[in-house]
$ cat protein-v1.cif   # mmCIF, C-alpha atoms
data_data
#
loop_
_atom_site.label_atom_id
_atom_site.label_comp_id
_atom_site.auth_asym_id
_atom_site.auth_seq_id
_atom_site.Cartn_x
_atom_site.Cartn_y
_atom_site.Cartn_z
CA MET A 137 -66.37 22.31 100.03
CA HIS A 138 -63.23 21.19 98.21
CA THR A 139 -61.21 19.81 101.14
CA TYR A 140 -62.29 17.52 103.97
CA VAL A 141 -61.26 20.12 106.60
CA TYR A 142 -63.61 22.63 105.04
CA ARG A 143 -66.46 20.08 104.89
CA LEU A 144 -65.86 19.09 108.52
CA ASN A 145 -65.96 22.74 109.56
CA VAL A 146 -69.28 23.30 107.79
CA LEU A 147 -70.73 20.09 109.21
CA LEU A 148 -69.80 20.89 112.81
CA THR A 149 -71.10 24.45 112.55
CA GLU A 150 -74.42 23.27 111.14
CA ALA A 151 -74.74 20.41 113.62
CA ILE A 152 -74.17 22.69 116.62
CA THR A 153 -76.50 25.38 115.29
CA LEU A 154 -79.26 22.79 114.85
CA LEU A 155 -78.57 21.39 118.33
CA ALA A 156 -78.95 24.86 119.82
CA LEU A 157 -82.23 25.23 117.96
CA MET A 158 -83.47 21.85 119.23
CA CYS A 159 -82.61 22.82 122.81
CA ALA A 160 -84.40 26.14 122.40
CA ILE A 161 -87.54 24.39 121.13
CA ALA A 162 -87.29 21.82 123.94
CA SER A 163 -87.16 24.68 126.41
CA LEU A 164 -90.18 26.31 124.76
CA SER A 165 -92.10 23.02 124.86
CA ASP A 166 -92.08 23.32 128.68
CA LYS A 167 -94.55 26.18 128.31
CA LEU A 168 -97.13 23.70 127.00
CA ASN A 169 -97.06 21.83 130.29
CA VAL A 170 -99.72 23.02 132.72
CA ALA A 171 -98.72 21.94 136.19
CA SER A 172 -101.32 21.17 138.83
CA PRO A 173 -99.28 20.52 141.97
CA SER A 174 -100.73 19.97 145.40
CA ALA A 175 -99.21 20.16 148.85
CA ASP A 176 -100.29 19.58 152.41
CA ILE A 177 -98.17 20.68 155.37
CA GLN A 178 -99.17 19.85 158.90
CA VAL A 179 -97.50 20.72 162.17
CA LEU A 180 -97.89 17.58 164.27
CA HIS A 181 -96.07 18.64 167.40
CA ILE A 182 -94.13 21.52 168.89
CA ASN A 183 -91.14 19.78 170.44
CA TRP A 184 -89.85 22.77 172.31
CA PHE A 185 -90.08 26.53 172.23
CA HIS A 186 -87.65 28.63 174.22
CA LYS A 187 -85.53 31.72 174.36
CA GLN A 188 -81.86 31.19 173.57
CA ARG A 189 -79.17 32.66 175.88
CA ASN A 190 -78.63 35.49 173.44
CA GLY A 191 -82.30 36.42 173.64
CA ASN A 192 -83.54 34.98 170.33
CA ASP A 193 -86.60 32.76 170.21
CA GLU A 194 -86.18 29.28 168.87
CA VAL A 195 -88.79 26.65 168.14
CA SER A 196 -88.59 23.02 167.06
CA LEU A 197 -91.45 21.49 165.10
CA THR A 198 -92.39 18.02 163.97
CA MET A 199 -94.13 18.26 160.63
CA ASN A 200 -95.66 16.18 157.94
CA VAL A 201 -94.78 17.53 154.51
CA SER A 202 -96.62 15.81 151.71
CA ALA A 203 -96.88 17.02 148.14
CA ASP A 204 -97.51 15.83 144.64
CA LEU A 205 -95.23 17.68 142.23
CA LYS A 206 -95.38 15.06 139.48
CA SER A 207 -97.04 17.44 137.06
CA THR A 208 -94.11 19.86 137.22
CA PHE A 209 -91.88 17.25 135.58
CA THR A 210 -91.57 17.28 131.80
CA TRP A 211 -89.14 15.57 129.44
CA ASN A 212 -86.89 18.62 129.80
CA THR A 213 -86.74 18.59 133.61
CA LYS A 214 -83.49 17.63 135.27
CA GLN A 215 -84.59 17.93 138.88
CA VAL A 216 -86.79 19.91 141.23
CA PHE A 217 -85.46 21.59 144.34
CA VAL A 218 -88.10 21.95 147.01
CA PHE A 219 -87.92 23.79 150.31
CA LEU A 220 -90.29 24.61 153.12
CA ALA A 221 -90.21 28.11 154.54
CA ALA A 222 -91.87 29.62 157.56
CA GLU A 223 -93.06 33.09 156.62
CA TYR A 224 -94.31 35.74 159.00
CA GLU A 225 -94.58 39.46 159.42
CA THR A 226 -92.94 41.54 162.15
CA GLU A 227 -93.03 45.24 162.93
CA LYS A 228 -89.66 45.77 161.30
CA ASN A 229 -90.04 43.53 158.26
CA TYR A 230 -93.00 42.84 156.05
CA LEU A 231 -91.75 39.37 155.13
CA ASN A 232 -89.50 37.09 157.15
CA GLN A 233 -88.60 33.78 155.57
CA ILE A 234 -86.91 30.95 157.42
CA SER A 235 -86.03 27.80 155.56
CA LEU A 236 -87.00 24.79 157.68
CA TRP A 237 -86.53 21.84 155.39
CA ASP A 238 -85.45 21.10 151.84
CA ALA A 239 -85.03 18.24 149.39
CA ILE A 240 -83.90 17.55 145.85
CA ILE A 241 -86.29 15.50 143.74
CA PRO A 242 -84.30 13.83 140.96
CA SER A 243 -87.13 12.09 139.12
CA LYS A 244 -90.84 12.13 138.44
CA GLU A 245 -91.33 8.88 140.38
CA GLN A 246 -90.08 10.56 143.54
CA ALA A 247 -92.14 13.71 143.02
CA LYS A 248 -95.05 12.43 145.10
CA PHE A 249 -93.79 12.29 148.64
CA SER A 250 -94.76 12.42 152.25
CA TYR A 251 -92.07 13.21 154.81
CA HIS A 252 -92.48 13.00 158.54
CA THR A 253 -89.71 15.25 159.77
CA ILE A 254 -88.52 17.72 162.35
CA ASN A 255 -87.27 21.04 160.99
CA LYS A 256 -83.89 20.40 159.37
CA TYR A 257 -82.72 24.01 159.85
CA ARG A 258 -83.25 26.10 162.97
CA PHE A 259 -86.45 28.06 163.29
CA THR A 260 -84.98 31.08 165.07
CA ASP A 261 -86.14 34.64 165.10
CA GLN A 262 -83.95 37.69 165.57
CA GLY A 263 -85.46 38.84 168.83
CA ASN A 264 -88.14 37.44 171.08
CA SER A 265 -91.28 38.16 169.11
CA LEU A 266 -92.21 34.61 168.13
CA ARG A 267 -94.66 34.06 170.98
CA GLY A 268 -98.23 33.90 169.70
CA LYS A 269 -96.98 34.63 166.18
CA LYS A 270 -99.15 33.64 163.23
CA TYR A 271 -97.12 32.23 160.39
CA ASN A 272 -97.49 30.58 157.01
CA LEU A 273 -95.73 27.42 155.94
CA THR A 274 -94.90 27.80 152.28
CA LEU A 275 -93.64 25.05 150.04
CA HIS A 276 -91.41 26.61 147.39
CA TRP A 277 -89.98 24.70 144.46
CA HIS A 278 -87.54 25.50 141.71
CA VAL A 279 -87.83 23.51 138.48
CA MET A 280 -84.40 23.02 136.92
CA PRO A 281 -84.70 22.18 133.24
CA LYS A 282 -82.07 20.40 131.17
CA THR A 283 -82.03 23.36 128.81
CA GLY A 284 -83.54 26.77 129.34
CA LYS A 285 -84.44 28.98 132.21
CA MET A 286 -85.07 27.80 135.75
CA PHE A 287 -88.47 28.73 137.13
CA SER A 288 -90.16 28.52 140.49
CA ASP A 289 -93.55 28.35 142.13
CA ARG A 290 -95.02 27.81 145.60
CA ILE A 291 -97.99 26.73 147.62
CA VAL A 292 -98.86 28.62 150.81
CA THR A 293 -100.57 26.99 153.78
CA THR A 294 -101.90 29.55 156.22
CA GLY A 295 -103.33 29.50 159.73
CA HIS A 296 -100.40 28.22 161.76
CA SER A 297 -99.55 29.92 165.03
CA LEU A 298 -97.00 29.52 167.80
CA PRO A 299 -98.06 29.21 171.46
CA GLU A 300 -98.25 32.26 173.73
CA GLU A 301 -95.82 30.74 176.28
CA TYR A 302 -92.47 28.96 175.99
CA ILE A 303 -92.63 25.18 176.20
CA MET B 128 -63.88 16.03 94.69
CA ASP B 129 -65.31 17.68 91.57
CA TRP B 130 -67.76 20.56 91.33
CA GLN B 131 -70.86 18.35 91.15
CA GLY B 132 -69.53 16.29 94.05
CA GLN B 133 -69.09 19.38 96.20
CA LYS B 134 -72.65 20.46 95.49
CA LEU B 135 -73.95 16.96 96.23
CA SER B 136 -72.05 16.64 99.51
CA GLU B 137 -73.26 20.03 100.74
CA GLN B 138 -76.88 19.21 99.90
CA LEU B 139 -76.60 15.77 101.51
CA MET B 140 -75.08 17.36 104.62
CA GLN B 141 -77.89 19.87 105.03
CA ILE B 142 -80.72 17.43 104.31
CA MET B 143 -79.33 14.70 106.56
CA LEU B 144 -78.61 17.00 109.50
CA LEU B 145 -82.04 18.60 109.30
CA ALA B 146 -83.77 15.23 108.96
CA PHE B 147 -81.93 13.82 111.98
CA ALA B 148 -82.62 16.94 114.02
CA VAL B 149 -86.36 16.79 113.29
CA GLY B 150 -86.47 13.02 113.79
CA ALA B 151 -84.51 13.13 117.04
CA PHE B 152 -86.65 15.93 118.46
CA ALA B 153 -89.91 14.22 117.49
CA THR B 154 -88.80 10.88 118.97
CA GLY B 155 -87.49 12.48 122.14
CA TYR B 156 -90.64 14.50 122.64
CA VAL B 157 -93.00 11.60 122.00
CA ILE B 158 -91.26 9.09 124.30
CA GLY B 159 -90.39 11.87 126.76
CA SER B 160 -86.66 11.22 126.82
CA PHE B 161 -84.16 14.03 126.36
CA GLN B 162 -81.32 11.52 126.41
CA MET B 163 -82.80 9.58 123.49
CA MET B 164 -83.03 12.80 121.47
CA MET B 165 -79.33 13.51 122.08
CA LEU B 166 -78.32 9.93 121.22
CA ILE B 167 -80.27 9.87 117.95
CA TYR B 168 -78.90 13.25 116.94
CA ALA B 169 -75.31 12.31 117.85
CA GLY B 170 -75.67 9.14 115.78
CA GLY B 171 -77.04 11.19 112.91
CA VAL B 172 -74.14 13.64 113.03
CA VAL B 173 -71.61 10.78 113.01
CA LEU B 174 -73.35 9.13 110.06
CA THR B 175 -73.49 12.44 108.16
CA THR B 176 -69.78 12.96 108.85
CA LEU B 177 -68.94 9.53 107.46
CA ILE B 178 -71.00 10.12 104.33
CA THR B 179 -70.14 13.70 103.45
CA VAL B 180 -66.63 14.38 104.78
CA PRO B 181 -64.40 11.72 103.17
CA ASN B 182 -63.74 12.04 99.45
CA TRP B 183 -65.79 9.04 98.31
CA PRO B 184 -65.55 7.89 94.66
CA PHE B 185 -69.17 8.85 93.88
CA TYR B 186 -68.23 12.51 94.40
CA ASN B 187 -65.79 12.22 91.49
CA ARG B 188 -68.01 11.20 88.60
CA HIS B 189 -67.97 14.55 86.78
CA GLN B 190 -64.30 15.27 86.25
CA LEU B 191 -63.49 18.45 84.35
CA ASN B 192 -62.05 17.77 80.89
CA TRP B 193 -59.29 20.28 80.51
CA LEU B 194 -58.37 21.27 76.96
CA ASP B 195 -55.14 19.98 75.56
CA LEU B 196 -52.30 22.47 75.52
CA SER B 197 -52.08 22.38 71.71
CA GLU B 198 -55.76 23.42 71.60
CA ALA B 199 -54.98 26.50 73.68
CA GLU B 200 -52.21 27.53 71.34
CA LYS B 201 -54.58 27.52 68.38
CA HIS B 202 -56.74 30.14 70.09
CA PRO B 203 -54.32 32.65 71.55
CA LYS B 204 -55.47 35.09 74.19
CA PRO B 205 -56.41 38.54 72.95
CA GLN B 206 -53.27 40.64 73.20
CA VAL B 207 -53.26 43.42 75.76
CA GLN B 208 -50.15 45.13 74.46
CA GLN B 209 -51.97 46.93 71.62
CA HIS B 210 -54.32 48.53 74.07
CA ILE B 211 -51.48 49.76 76.24
CA SER B 212 -49.63 51.19 73.26
CA SER B 213 -52.75 53.01 72.05
CA SER B 214 -53.34 54.57 75.45
CA SER B 215 -49.74 55.68 75.68
CA LYS B 216 -50.19 57.32 72.30
CA LYS B 217 -53.16 59.25 73.58
CA LYS B 218 -51.16 60.42 76.56
CA SER B 219 -48.31 61.50 74.36
CA SER B 220 -50.69 63.28 71.99
CA LYS B 221 -52.11 65.30 74.85
CA LYS B 222 -48.67 66.48 75.73
#
$ encode --input "protein-v1.cif" --output "structure tokens"
Amino acid sequence: MHTYVYRLNVLLTEAITLLALMCAIASLSDKLNVASPSADIQVLHINWFHKQRNGNDEVSLTMNVSADLKSTFTWNTKQVFVFLAAEYETEKNYLNQISLWDAIIPSKEQAKFSYHTINKYRFTDQGNSLRGKKYNLTLHWHVMPKTGKMFSDRIVTTGHSLPEEYI
Amino acid sequence: MDWQGQKLSEQLMQIMLLAFAVGAFATGYVIGSFQMMMLIYAGGVVLTTLITVPNWPFYNRHQLNWLDLSEAEKHPKPQVQQHISSSSKKKSSKK
């Protein structure tokens, strides 16, 4: 500790070590937060449902996506990425996921939302098996903390089905 | 900076950094602001730097009093030469 360079070296090393420790504890403090999110997804209208020229089914939906994700926000949360996926089973694949809509929630104040929207991304199947298909609309979200590991959760709404005939 | 000063500055550095880290974390957690935690801690690190890094006068209050040169001459170092000569004798005696 006899020269100022040596003291500065020790100080910076200690300061950064403590900062890393603080960030680690901040990340651990997220575990104390018990989230109780809720979501409600309704299909208001099927705008059209047809077979594309290449033979794939495509459907356009008008939906109301409302959710309250306020409880997922803690002091260590930077933002929450949320997306809505249509999930269904086919003969070939146990789980098909199609992302229909997404949003980035930058703050707790905006975490309670209700969007009236058509599907932002195409709801298209590989093939023509969408007629009469039962599907789930699942709201997935990824919590991105300021420090620490990203984690995700979801809410599934079941009981949606597509019409037997093209519209 | 003398020996006591070095000890003092190291202790001050550790205590201040730890205190600011604990204080910043507690404040940030209670008011729910990560940014406030970082600001308090950054301020604390700057303050600690200003207090412990420069060679302030209060780190130099225990200067070492070196003996005068004449004092050293009165108490000469134990001579090593005798030892060497005795060992060389042993070696020669073995031969």
$ interface_residues --input "protein-v1.cif" --of "chain B" --to "chain A" --cutoff "6 Å" --atoms "only C-alpha atoms" --output "list in words"
Gln133, Gly159, Ser160 and Val180 of chain B
$ write_last_selection --input "protein-v1.cif" --atoms "C-alpha atoms" --output "PDB file, in the coordinates of the input"
ATOM      1  CA  GLN B 133     -69.090  19.380  96.200  1.00  0.00           C
ATOM      2  CA  GLY B 159     -90.390  11.870 126.760  1.00  0.00           C
ATOM      3  CA  SER B 160     -86.660  11.220 126.820  1.00  0.00           C
ATOM      4  CA  VAL B 180     -66.630  14.380 104.780  1.00  0.00           C
TER       5      VAL B 180
END
$ closest_residue --input "protein-v1.cif" --among "B:Ala153, B:Leu139, B:Met164, B:Met128" --to "B:Phe185" --atoms "all atoms listed in the file"
B:Met128
$ residues_around --input "protein-v1.cif" --residues "A:Ser235" --least-positions-apart "2" --cutoff "10 Å" --atoms "only C-alpha atoms" --output "PyMOL selection string"
chain A and resi 219-223+233+237-238+255-259+273-276
$ resolve_selection --input "protein-v1.cif" --expression "the PyMOL selection byres ((chain A and resi 197) around 10)" --output "NGL selection string"
:A and (179-185 or 195-196 or 198-200 or 236 or 253-256 or 258-259)
$ atom_distance --input "protein-v1.cif" --atom1 "atom CA of B:Phe147" --atom2 "atom CA of B:Val172"
7.9 Å
$ atom_distance --input "protein-v1.cif" --atom1 "atom CA of A:Ser172" --atom2 "atom CA of A:Trp277"
13.1 Å
$ resolve_selection --input "protein-v1.cif" --expression "the PyMOL selection byres ((chain A and resi 227) around 12)" --output "list in words"
Tyr224, Glu225, Thr226, Lys228, Asn229, Tyr230, Leu231, Asn232, Gly263, Ser265, Leu266 and Lys269 of chain A
$ atom_distance --input "protein-v1.cif" --atom1 "atom CA of A:Ala171" --atom2 "atom CA of A:Met280"
14.4 Å
$ residues_near_point --input "protein-v1.cif" --point "(-97.0, 25.0, 131.5)" --cutoff "12 Å" --atoms "all atoms listed in the file" --output "PyMOL selection string"
chain A and resi 163-173+207-210+279+287-289
$ resolve_selection --input "protein-v1.cif" --expression "the PyMOL selection byres ((chain A and resi 261) around 6)" --output "ChimeraX atom specification"
/A:192-193,260,262-263
$ residues_around --input "protein-v1.cif" --residues "stretch 188-190 of chain B" --least-positions-apart "3" --cutoff "9 Å" --atoms "only C-alpha atoms" --output "PyMOL selection string"
chain B and resi 128-132+184-185
$ residues_around --input "protein-v1.cif" --residues "stretch 246-250 of chain A" --least-positions-apart "6" --cutoff "8 Å" --atoms "only C-alpha atoms" --output "mmCIF file with C-alpha atoms, in the frame of the given file"
data_model
loop_
_atom_site.group_PDB
_atom_site.id
_atom_site.type_symbol
_atom_site.label_atom_id
_atom_site.label_comp_id
_atom_site.auth_asym_id
_atom_site.auth_seq_id
_atom_site.Cartn_x
_atom_site.Cartn_y
_atom_site.Cartn_z
ATOM 1 C CA ASN A 200 -95.660 16.180 157.940
ATOM 2 C CA VAL A 201 -94.780 17.530 154.510
ATOM 3 C CA SER A 202 -96.620 15.810 151.710
ATOM 4 C CA ALA A 203 -96.880 17.020 148.140
ATOM 5 C CA ASP A 204 -97.510 15.830 144.640
ATOM 6 C CA LEU A 205 -95.230 17.680 142.230
ATOM 7 C CA LYS A 206 -95.380 15.060 139.480
#
